[in-house]
>>> print(open('work-v6.txt').read())   # compact mmCIF, N, CA and C atoms
# COMPACT_ATOMS: atom_id res chain seq x y z
N MET K 15 -12.13 75.79 -15.31
CA MET K 15 -11.14 76.46 -14.48
C MET K 15 -9.76 75.87 -14.78
N PRO K 16 -8.82 76.67 -15.25
CA PRO K 16 -7.47 76.17 -15.54
C PRO K 16 -6.73 75.78 -14.25
N TYR K 17 -5.88 74.77 -14.38
CA TYR K 17 -5.13 74.24 -13.25
C TYR K 17 -3.65 74.49 -13.46
N LYS K 18 -3.02 75.12 -12.48
CA LYS K 18 -1.63 75.56 -12.59
C LYS K 18 -0.64 74.43 -12.31
N ILE K 19 0.43 74.40 -13.10
CA ILE K 19 1.53 73.47 -12.88
C ILE K 19 2.49 74.12 -11.88
N LEU K 20 2.68 73.44 -10.74
CA LEU K 20 3.55 73.97 -9.69
C LEU K 20 4.98 73.44 -9.79
N LYS K 21 5.13 72.20 -10.25
CA LYS K 21 6.45 71.60 -10.41
C LYS K 21 6.44 70.71 -11.64
N LYS K 22 7.61 70.62 -12.26
CA LYS K 22 7.78 69.72 -13.41
C LYS K 22 9.20 69.18 -13.36
N LYS K 23 9.32 67.87 -13.55
CA LYS K 23 10.65 67.25 -13.51
C LYS K 23 10.73 66.17 -14.57
N GLU K 24 11.81 66.19 -15.32
CA GLU K 24 12.07 65.10 -16.26
C GLU K 24 12.67 63.95 -15.47
N ILE K 25 12.13 62.77 -15.67
CA ILE K 25 12.64 61.58 -15.01
C ILE K 25 13.52 60.85 -16.00
N GLY K 26 14.77 60.61 -15.65
CA GLY K 26 15.71 60.03 -16.58
C GLY K 26 16.29 61.10 -17.48
N SER K 27 16.88 60.68 -18.55
CA SER K 27 17.56 61.64 -19.43
C SER K 27 17.18 61.47 -20.89
N ASN K 28 16.08 60.77 -21.15
CA ASN K 28 15.72 60.53 -22.54
C ASN K 28 14.61 61.43 -23.07
N GLY K 29 14.10 62.32 -22.23
CA GLY K 29 13.09 63.27 -22.67
C GLY K 29 11.72 62.69 -22.92
N ILE K 30 11.42 61.51 -22.36
CA ILE K 30 10.10 60.93 -22.61
C ILE K 30 9.30 60.64 -21.34
N LEU K 31 9.91 60.83 -20.17
CA LEU K 31 9.21 60.53 -18.93
C LEU K 31 9.25 61.75 -18.02
N PHE K 32 8.06 62.19 -17.56
CA PHE K 32 7.96 63.41 -16.78
C PHE K 32 7.06 63.24 -15.57
N GLU K 33 7.34 64.06 -14.55
CA GLU K 33 6.50 64.15 -13.36
C GLU K 33 6.02 65.59 -13.25
N ILE K 34 4.71 65.77 -13.03
CA ILE K 34 4.13 67.10 -12.91
C ILE K 34 3.29 67.15 -11.64
N VAL K 35 3.42 68.26 -10.90
CA VAL K 35 2.58 68.51 -9.73
C VAL K 35 1.61 69.62 -10.09
N LEU K 36 0.31 69.31 -9.91
CA LEU K 36 -0.76 70.25 -10.26
C LEU K 36 -1.46 70.79 -9.03
N ASP K 37 -1.84 72.05 -9.08
CA ASP K 37 -2.62 72.68 -8.02
C ASP K 37 -4.09 72.31 -8.23
N THR K 38 -4.56 71.33 -7.47
CA THR K 38 -5.93 70.81 -7.61
C THR K 38 -6.51 70.49 -6.22
N PRO K 39 -6.81 71.50 -5.41
CA PRO K 39 -7.24 71.25 -4.03
C PRO K 39 -8.44 70.32 -3.90
N SER K 40 -9.45 70.47 -4.73
CA SER K 40 -10.65 69.64 -4.59
C SER K 40 -10.38 68.18 -4.97
N ILE K 41 -9.49 67.94 -5.92
CA ILE K 41 -9.14 66.58 -6.30
C ILE K 41 -8.22 65.96 -5.24
N ALA K 42 -7.25 66.72 -4.76
CA ALA K 42 -6.33 66.21 -3.74
C ALA K 42 -7.08 65.79 -2.48
N LYS K 43 -8.12 66.51 -2.15
CA LYS K 43 -8.89 66.22 -0.94
C LYS K 43 -9.56 64.85 -1.01
N LYS K 44 -9.91 64.38 -2.20
CA LYS K 44 -10.67 63.14 -2.37
C LYS K 44 -9.86 61.99 -2.96
N ALA K 45 -8.62 62.24 -3.38
CA ALA K 45 -7.82 61.24 -4.09
C ALA K 45 -7.38 60.11 -3.19
N HIS K 46 -7.26 58.92 -3.78
CA HIS K 46 -6.75 57.73 -3.10
C HIS K 46 -5.99 56.88 -4.12
N ALA K 47 -5.23 55.93 -3.60
CA ALA K 47 -4.53 54.98 -4.46
C ALA K 47 -5.56 54.26 -5.34
N GLY K 48 -5.26 54.15 -6.62
CA GLY K 48 -6.16 53.52 -7.57
C GLY K 48 -6.96 54.51 -8.40
N ASN K 49 -6.93 55.79 -8.02
CA ASN K 49 -7.67 56.81 -8.76
C ASN K 49 -6.86 57.36 -9.93
N PHE K 50 -7.59 57.95 -10.88
CA PHE K 50 -6.94 58.62 -12.00
C PHE K 50 -7.68 59.91 -12.30
N ILE K 51 -7.08 60.71 -13.16
CA ILE K 51 -7.71 61.95 -13.62
C ILE K 51 -7.77 61.90 -15.14
N ILE K 52 -8.56 62.78 -15.70
CA ILE K 52 -8.55 63.01 -17.15
C ILE K 52 -8.22 64.48 -17.35
N ILE K 53 -7.19 64.73 -18.15
CA ILE K 53 -6.82 66.12 -18.43
C ILE K 53 -7.06 66.45 -19.90
N ARG K 54 -7.26 67.73 -20.14
CA ARG K 54 -7.32 68.26 -21.50
C ARG K 54 -6.48 69.52 -21.46
N ILE K 55 -5.42 69.54 -22.24
CA ILE K 55 -4.45 70.63 -22.17
C ILE K 55 -5.03 71.96 -22.64
N ASN K 56 -5.75 71.92 -23.75
CA ASN K 56 -6.36 73.14 -24.29
C ASN K 56 -7.68 72.78 -24.97
N GLU K 57 -8.36 73.77 -25.53
CA GLU K 57 -9.69 73.55 -26.11
C GLU K 57 -9.68 72.55 -27.26
N LYS K 58 -8.58 72.44 -27.98
CA LYS K 58 -8.50 71.52 -29.11
C LYS K 58 -7.87 70.18 -28.73
N GLY K 59 -7.44 70.05 -27.48
CA GLY K 59 -6.73 68.85 -27.05
C GLY K 59 -7.65 67.67 -26.80
N GLU K 60 -7.06 66.48 -26.89
CA GLU K 60 -7.82 65.27 -26.57
C GLU K 60 -7.78 65.06 -25.06
N ARG K 61 -8.69 64.24 -24.57
CA ARG K 61 -8.73 63.92 -23.14
C ARG K 61 -7.75 62.78 -22.87
N ILE K 62 -6.89 62.98 -21.87
CA ILE K 62 -5.85 62.00 -21.55
C ILE K 62 -6.08 61.48 -20.13
N PRO K 63 -6.28 60.17 -19.96
CA PRO K 63 -6.38 59.62 -18.60
C PRO K 63 -4.98 59.37 -18.02
N LEU K 64 -4.76 59.83 -16.80
CA LEU K 64 -3.46 59.64 -16.14
C LEU K 64 -3.68 59.24 -14.68
N THR K 65 -2.92 58.28 -14.23
CA THR K 65 -3.02 57.81 -12.85
C THR K 65 -2.50 58.86 -11.88
N ILE K 66 -3.17 59.00 -10.76
CA ILE K 66 -2.67 59.88 -9.70
C ILE K 66 -1.54 59.14 -8.99
N ALA K 67 -0.33 59.67 -9.08
CA ALA K 67 0.84 59.03 -8.50
C ALA K 67 1.04 59.44 -7.04
N ASP K 68 0.53 60.60 -6.65
CA ASP K 68 0.62 61.06 -5.27
C ASP K 68 -0.32 62.24 -5.09
N TYR K 69 -0.58 62.57 -3.85
CA TYR K 69 -1.38 63.75 -3.52
C TYR K 69 -0.85 64.34 -2.22
N ASP K 70 -1.14 65.61 -2.02
CA ASP K 70 -0.84 66.29 -0.76
C ASP K 70 -2.09 67.07 -0.40
N ARG K 71 -2.86 66.54 0.53
CA ARG K 71 -4.13 67.17 0.90
C ARG K 71 -3.92 68.53 1.53
N GLU K 72 -2.85 68.70 2.32
CA GLU K 72 -2.61 69.98 2.99
C GLU K 72 -2.30 71.10 2.00
N ILE K 73 -1.47 70.81 1.04
CA ILE K 73 -1.09 71.83 0.04
C ILE K 73 -2.14 71.91 -1.06
N GLY K 74 -2.85 70.80 -1.32
CA GLY K 74 -3.87 70.78 -2.36
C GLY K 74 -3.34 70.43 -3.73
N THR K 75 -2.40 69.47 -3.77
CA THR K 75 -1.79 69.12 -5.05
C THR K 75 -1.93 67.63 -5.33
N ILE K 76 -1.85 67.30 -6.62
CA ILE K 76 -1.70 65.92 -7.05
C ILE K 76 -0.47 65.84 -7.96
N THR K 77 0.11 64.64 -8.00
CA THR K 77 1.27 64.40 -8.85
C THR K 77 0.88 63.36 -9.90
N ILE K 78 1.28 63.64 -11.13
CA ILE K 78 1.07 62.68 -12.22
C ILE K 78 2.43 62.40 -12.86
N VAL K 79 2.56 61.20 -13.39
CA VAL K 79 3.76 60.80 -14.13
C VAL K 79 3.27 60.30 -15.48
N PHE K 80 3.92 60.76 -16.54
CA PHE K 80 3.49 60.33 -17.88
C PHE K 80 4.68 60.12 -18.79
N GLN K 81 4.44 59.29 -19.79
CA GLN K 81 5.44 59.01 -20.82
C GLN K 81 4.97 59.62 -22.13
N VAL K 82 5.87 60.26 -22.84
CA VAL K 82 5.53 60.84 -24.14
C VAL K 82 5.36 59.70 -25.14
N VAL K 83 4.13 59.53 -25.64
CA VAL K 83 3.85 58.47 -26.60
C VAL K 83 3.09 58.96 -27.83
N GLY K 84 2.60 60.17 -27.78
CA GLY K 84 1.83 60.70 -28.90
C GLY K 84 1.79 62.22 -28.86
N LYS K 85 0.93 62.80 -29.71
CA LYS K 85 0.86 64.25 -29.86
C LYS K 85 0.50 64.96 -28.54
N SER K 86 -0.51 64.47 -27.84
CA SER K 86 -0.97 65.16 -26.63
C SER K 86 0.04 65.07 -25.49
N THR K 87 0.65 63.90 -25.29
CA THR K 87 1.65 63.80 -24.23
C THR K 87 2.93 64.57 -24.61
N LYS K 88 3.22 64.68 -25.91
CA LYS K 88 4.35 65.50 -26.36
C LYS K 88 4.07 66.97 -26.02
N LEU K 89 2.85 67.42 -26.29
CA LEU K 89 2.46 68.80 -25.95
C LEU K 89 2.54 69.01 -24.44
N LEU K 90 2.08 68.03 -23.66
CA LEU K 90 2.14 68.13 -22.21
C LEU K 90 3.58 68.24 -21.73
N SER K 91 4.51 67.58 -22.41
CA SER K 91 5.92 67.62 -22.00
C SER K 91 6.54 69.01 -22.22
N PHE K 92 5.94 69.82 -23.06
CA PHE K 92 6.45 71.18 -23.33
C PHE K 92 5.91 72.22 -22.35
N ILE K 93 4.87 71.88 -21.61
CA ILE K 93 4.29 72.82 -20.66
C ILE K 93 5.27 73.01 -19.50
N GLU K 94 5.38 74.24 -19.02
CA GLU K 94 6.35 74.57 -17.97
C GLU K 94 5.67 74.98 -16.67
N VAL K 95 6.46 75.07 -15.61
CA VAL K 95 5.97 75.53 -14.31
C VAL K 95 5.34 76.91 -14.48
N GLY K 96 4.15 77.09 -13.91
CA GLY K 96 3.42 78.35 -14.02
C GLY K 96 2.37 78.32 -15.11
N ASP K 97 2.54 77.43 -16.11
CA ASP K 97 1.54 77.27 -17.16
C ASP K 97 0.30 76.59 -16.58
N LYS K 98 -0.78 76.62 -17.35
CA LYS K 98 -2.03 76.02 -16.87
C LYS K 98 -2.57 75.00 -17.86
N ILE K 99 -3.24 74.00 -17.29
CA ILE K 99 -3.94 72.98 -18.07
C ILE K 99 -5.42 73.34 -18.00
N LEU K 100 -6.10 73.29 -19.13
CA LEU K 100 -7.49 73.74 -19.19
C LEU K 100 -8.43 72.94 -18.30
N ASP K 101 -8.43 71.61 -18.44
CA ASP K 101 -9.37 70.77 -17.69
C ASP K 101 -8.65 69.66 -16.95
N VAL K 102 -9.07 69.44 -15.71
CA VAL K 102 -8.63 68.28 -14.94
C VAL K 102 -9.88 67.74 -14.24
N VAL K 103 -10.26 66.52 -14.57
CA VAL K 103 -11.46 65.90 -14.02
C VAL K 103 -11.03 64.72 -13.15
N GLY K 104 -11.58 64.65 -11.95
CA GLY K 104 -11.26 63.53 -11.08
C GLY K 104 -11.52 63.87 -9.63
N PRO K 105 -11.17 62.98 -8.74
CA PRO K 105 -10.60 61.67 -9.01
C PRO K 105 -11.64 60.70 -9.54
N LEU K 106 -11.22 59.86 -10.48
CA LEU K 106 -12.07 58.86 -11.09
C LEU K 106 -11.53 57.47 -10.77
N GLY K 107 -12.32 56.45 -11.04
CA GLY K 107 -11.87 55.08 -10.80
C GLY K 107 -12.16 54.62 -9.40
N ASN K 108 -11.71 53.42 -9.10
CA ASN K 108 -11.95 52.81 -7.79
C ASN K 108 -10.69 52.84 -6.94
N ASN K 109 -10.87 53.17 -5.67
CA ASN K 109 -9.76 53.12 -4.72
C ASN K 109 -9.36 51.65 -4.54
N ILE K 110 -8.08 51.43 -4.25
CA ILE K 110 -7.68 50.07 -3.91
C ILE K 110 -8.18 49.77 -2.49
N HIS K 111 -8.31 48.51 -2.17
CA HIS K 111 -8.80 48.10 -0.86
C HIS K 111 -7.67 48.27 0.17
N ILE K 112 -7.88 49.14 1.13
CA ILE K 112 -6.87 49.40 2.17
C ILE K 112 -7.37 48.85 3.50
N GLN K 113 -6.56 48.02 4.11
CA GLN K 113 -6.83 47.54 5.46
C GLN K 113 -5.53 47.00 6.01
N LYS K 114 -5.51 46.63 7.28
CA LYS K 114 -4.35 45.99 7.88
C LYS K 114 -4.44 44.50 7.60
N PHE K 115 -3.48 44.00 6.81
CA PHE K 115 -3.43 42.58 6.50
C PHE K 115 -2.46 41.91 7.47
N HIS K 116 -2.59 40.62 7.66
CA HIS K 116 -1.75 39.90 8.61
C HIS K 116 -0.60 39.17 7.92
N TYR K 117 -0.23 39.63 6.75
CA TYR K 117 0.86 39.05 5.99
C TYR K 117 1.47 40.18 5.15
N PRO K 118 2.72 40.03 4.72
CA PRO K 118 3.34 41.08 3.89
C PRO K 118 2.61 41.24 2.56
N ILE K 119 2.61 42.46 2.07
CA ILE K 119 1.99 42.77 0.79
C ILE K 119 3.11 43.02 -0.22
N VAL K 120 3.00 42.40 -1.39
CA VAL K 120 3.99 42.58 -2.44
C VAL K 120 3.41 43.49 -3.52
N ILE K 121 4.13 44.56 -3.82
CA ILE K 121 3.76 45.50 -4.87
C ILE K 121 4.80 45.36 -5.98
N ILE K 122 4.33 45.13 -7.21
CA ILE K 122 5.23 44.93 -8.35
C ILE K 122 4.92 45.97 -9.42
N GLY K 123 5.96 46.62 -9.93
CA GLY K 123 5.77 47.60 -10.99
C GLY K 123 7.00 47.69 -11.87
N GLY K 124 6.80 48.19 -13.08
CA GLY K 124 7.91 48.36 -14.00
C GLY K 124 7.72 49.59 -14.86
N GLY K 125 8.82 50.27 -15.13
CA GLY K 125 8.79 51.46 -15.99
C GLY K 125 7.83 52.50 -15.45
N VAL K 126 7.00 53.03 -16.34
CA VAL K 126 6.01 54.05 -15.95
C VAL K 126 5.01 53.48 -14.95
N GLY K 127 4.83 52.16 -14.95
CA GLY K 127 3.93 51.51 -14.01
C GLY K 127 4.39 51.55 -12.57
N ILE K 128 5.59 52.07 -12.33
CA ILE K 128 6.07 52.24 -10.96
C ILE K 128 5.34 53.40 -10.28
N ALA K 129 4.95 54.41 -11.04
CA ALA K 129 4.34 55.62 -10.47
C ALA K 129 3.14 55.33 -9.57
N PRO K 130 2.17 54.54 -9.99
CA PRO K 130 1.03 54.29 -9.09
C PRO K 130 1.39 53.41 -7.90
N CYS K 131 2.51 52.70 -7.98
CA CYS K 131 2.93 51.85 -6.85
C CYS K 131 3.19 52.69 -5.60
N TYR K 132 3.78 53.86 -5.77
CA TYR K 132 4.13 54.70 -4.62
C TYR K 132 2.91 55.00 -3.76
N LEU K 133 1.84 55.44 -4.38
CA LEU K 133 0.64 55.80 -3.63
C LEU K 133 0.00 54.58 -2.98
N GLN K 134 0.06 53.45 -3.64
CA GLN K 134 -0.46 52.22 -3.04
C GLN K 134 0.35 51.84 -1.80
N VAL K 135 1.66 51.91 -1.92
CA VAL K 135 2.54 51.60 -0.79
C VAL K 135 2.28 52.59 0.35
N LYS K 136 2.17 53.85 0.02
CA LYS K 136 1.95 54.89 1.03
C LYS K 136 0.69 54.60 1.86
N GLU K 137 -0.42 54.34 1.19
CA GLU K 137 -1.68 54.11 1.91
C GLU K 137 -1.69 52.78 2.64
N LEU K 138 -1.12 51.74 2.05
CA LEU K 138 -1.05 50.45 2.73
C LEU K 138 -0.13 50.51 3.95
N LYS K 139 0.97 51.25 3.85
CA LYS K 139 1.90 51.41 4.97
C LYS K 139 1.23 52.19 6.10
N GLU K 140 0.48 53.24 5.77
CA GLU K 140 -0.24 54.02 6.78
C GLU K 140 -1.24 53.15 7.54
N ALA K 141 -1.73 52.10 6.91
CA ALA K 141 -2.67 51.17 7.55
C ALA K 141 -1.94 50.14 8.41
N GLY K 142 -0.59 50.21 8.47
CA GLY K 142 0.17 49.33 9.33
C GLY K 142 0.70 48.06 8.67
N ASN K 143 0.72 48.02 7.37
CA ASN K 143 1.16 46.82 6.66
C ASN K 143 2.66 46.80 6.43
N LYS K 144 3.20 45.57 6.32
CA LYS K 144 4.58 45.37 5.87
C LYS K 144 4.52 45.24 4.35
N ILE K 145 5.36 46.01 3.66
CA ILE K 145 5.33 46.07 2.21
C ILE K 145 6.65 45.58 1.63
N ILE K 146 6.57 44.78 0.59
CA ILE K 146 7.73 44.37 -0.20
C ILE K 146 7.51 44.89 -1.61
N CYS K 147 8.47 45.66 -2.13
CA CYS K 147 8.35 46.22 -3.49
C CYS K 147 9.34 45.54 -4.42
N ILE K 148 8.84 45.17 -5.59
CA ILE K 148 9.67 44.63 -6.66
C ILE K 148 9.47 45.55 -7.85
N LEU K 149 10.53 46.28 -8.20
CA LEU K 149 10.44 47.28 -9.25
C LEU K 149 11.45 46.97 -10.35
N GLY K 150 11.04 47.16 -11.58
CA GLY K 150 11.92 46.92 -12.71
C GLY K 150 11.96 48.13 -13.62
N ALA K 151 13.12 48.35 -14.24
CA ALA K 151 13.29 49.46 -15.17
C ALA K 151 14.39 49.11 -16.17
N ARG K 152 14.38 49.80 -17.29
CA ARG K 152 15.41 49.56 -18.32
C ARG K 152 16.79 49.98 -17.87
N ASN K 153 16.84 51.07 -17.11
CA ASN K 153 18.13 51.57 -16.62
C ASN K 153 17.92 52.30 -15.31
N LYS K 154 18.98 52.74 -14.65
CA LYS K 154 18.86 53.34 -13.33
C LYS K 154 18.16 54.70 -13.34
N GLU K 155 18.13 55.40 -14.45
CA GLU K 155 17.42 56.66 -14.52
C GLU K 155 15.93 56.46 -14.46
>>> encode(input="work-v6.txt", output="C-alpha cells")
Amino acid sequence: MPYKILKKKEIGSNGILFEIVLDTPSIAKKAHAGNFIIIRINEKGERIPLTIADYDREIGTITIVFQVVGKSTKLLSFIEVGDKILDVVGPLGNNIHIQKFHYPIVIIGGGVGIAPCYLQVKELKEAGNKIICILGARNKE
C-alpha cells in the first residue's frame, strides 16, 4: 500500500536535509520515541531505515528527517507533496524508557541527530519530567 507525502520541508539552505510528513495511521497509532521505520521508495529502491522524529495519532501521521547521503536519499529528496512512497514498515525498534524521574533529564543531539531528540523530549515531558536539551549544529539553519 503506497503512503502519501502530506508535507515536505527543506531544513537549512544546503539542499541536503529534509523533513517529510507521511500519512501512516497504523504506524502513528503505535509509534513511540526510539522507534524507526524502513521505507522503500519504489520497486527497485533499497530499504532505508529512518528514525521517527514525531507522530500525530489523531491525524495519523509520522514525521521523518533525513540527510541526503546517497542515491536513495537523493531520490527521496526529489519526491514532492502528494507523491507516494511504495513501502513503509514500522514502527520498529525499542521504545525509550519513559517514567517520571526525580532529577532533570539531559538530552544531547547534534546535526541530523537532533530529530529523534524532539520525540524523546515530548514523551519524557508528558510524563512530568524536567528536561535540559543540549543541541549542536554547524550553523543556525
>>> residues_around(input="work-v6.txt", residues="Thr77 of chain K", least_positions_apart="4", cutoff="6 Å", atoms="all atoms listed in the file", output="PyMOL selection string")
chain K and resi 34-36+65-69
>>> residues_around(input="work-v6.txt", residues="segment 124-132 of chain K", least_positions_apart="2", cutoff="7 Å", atoms="only N, CA and C atoms", output="ChimeraX atom specification")
/K:48,65-68,79-81,121-122,134-137,148-152
>>> atom_distance(input="work-v6.txt", atom1="atom C of Ala47 of chain K", atom2="atom CA of Leu133 of chain K")
6.6 Å
>>> closest_residue(input="work-v6.txt", among="K:Ala45, K:Ile55, K:Ile30, K:Ile112", to="Lys98 of chain K", atoms="only N, CA and C atoms")
K:Ile55
>>> residues_around(input="work-v6.txt", residues="Ile93 of chain K", least_positions_apart="5", cutoff="8 Å", atoms="only N, CA and C atoms", output="PDB file with N, CA and C atoms, in the coordinates of the input")
ATOM      1  N   ILE K  19       0.430  74.400 -13.100  1.00  0.00           N
ATOM      2  CA  ILE K  19       1.530  73.470 -12.880  1.00  0.00           C
ATOM      3  C   ILE K  19       2.490  74.120 -11.880  1.00  0.00           C
ATOM      4  N   LYS K  22       7.610  70.620 -12.260  1.00  0.00           N
ATOM      5  CA  LYS K  22       7.780  69.720 -13.410  1.00  0.00           C
ATOM      6  C   LYS K  22       9.200  69.180 -13.360  1.00  0.00           C
ATOM      7  N   LYS K  88       3.220  64.680 -25.910  1.00  0.00           N
ATOM      8  CA  LYS K  88       4.350  65.500 -26.360  1.00  0.00           C
ATOM      9  C   LYS K  88       4.070  66.970 -26.020  1.00  0.00           C
ATOM     10  N   LYS K  98      -0.780  76.620 -17.350  1.00  0.00           N
ATOM     11  CA  LYS K  98      -2.030  76.020 -16.870  1.00  0.00           C
ATOM     12  C   LYS K  98      -2.570  75.000 -17.860  1.00  0.00           C
TER      13      LYS K  98
END
>>> select_by_dssp(input="work-v6.txt", residues="chain K", states="strand (DSSP E)", output="ChimeraX atom specification")
/K:17-24,31-37,50-54,62-70,75-81,98-99,101-106,119-124,145-150
>>> select_by_dssp(input="work-v6.txt", residues="chain K", states="helix (DSSP H, G or I)", output="VMD selection string")
chain K and resid 39 to 44 85 to 92 125 to 140
>>> closest_residue(input="work-v6.txt", among="K:Asp37, K:Gly26, K:Lys21, K:Asn56", to="Leu100 of chain K", atoms="all atoms listed in the file")
K:Asn56
>>> atom_distance(input="work-v6.txt", atom1="atom CA of Asp101 of chain K", atom2="atom N of Gly29 of chain K")
25.4 Å
>>> atom_distance(input="work-v6.txt", atom1="atom CA of Pro16 of chain K", atom2="atom CA of Asn28 of chain K")
28.8 Å
>>> closest_residue(input="work-v6.txt", among="K:Ile62, K:Lys144, K:Glu24, K:Ile99", to="Ile119 of chain K", atoms="all atoms listed in the file")
K:Lys144
>>> closest_residue(input="work-v6.txt", among="K:Gly96, K:Val103, K:Cys147, K:Ile78", to="Ile53 of chain K", atoms="all atoms listed in the file")
K:Val103
>>> residues_around(input="work-v6.txt", residues="Ser40 of chain K", least_positions_apart="2", cutoff="6.5 Å", atoms="only N, CA and C atoms", output="VMD selection string")
chain K and resid 38 42 to 45 74 104 to 105
>>> closest_residue(input="work-v6.txt", among="K:Asn49, K:Thr75, K:Thr87, K:Gly59", to="Asn109 of chain K", atoms="only N, CA and C atoms")
K:Asn49
>>> closest_residue(input="work-v6.txt", among="K:Glu33, K:Val102, K:Pro39, K:Asp97", to="Ile73 of chain K", atoms="all atoms listed in the file")
K:Pro39
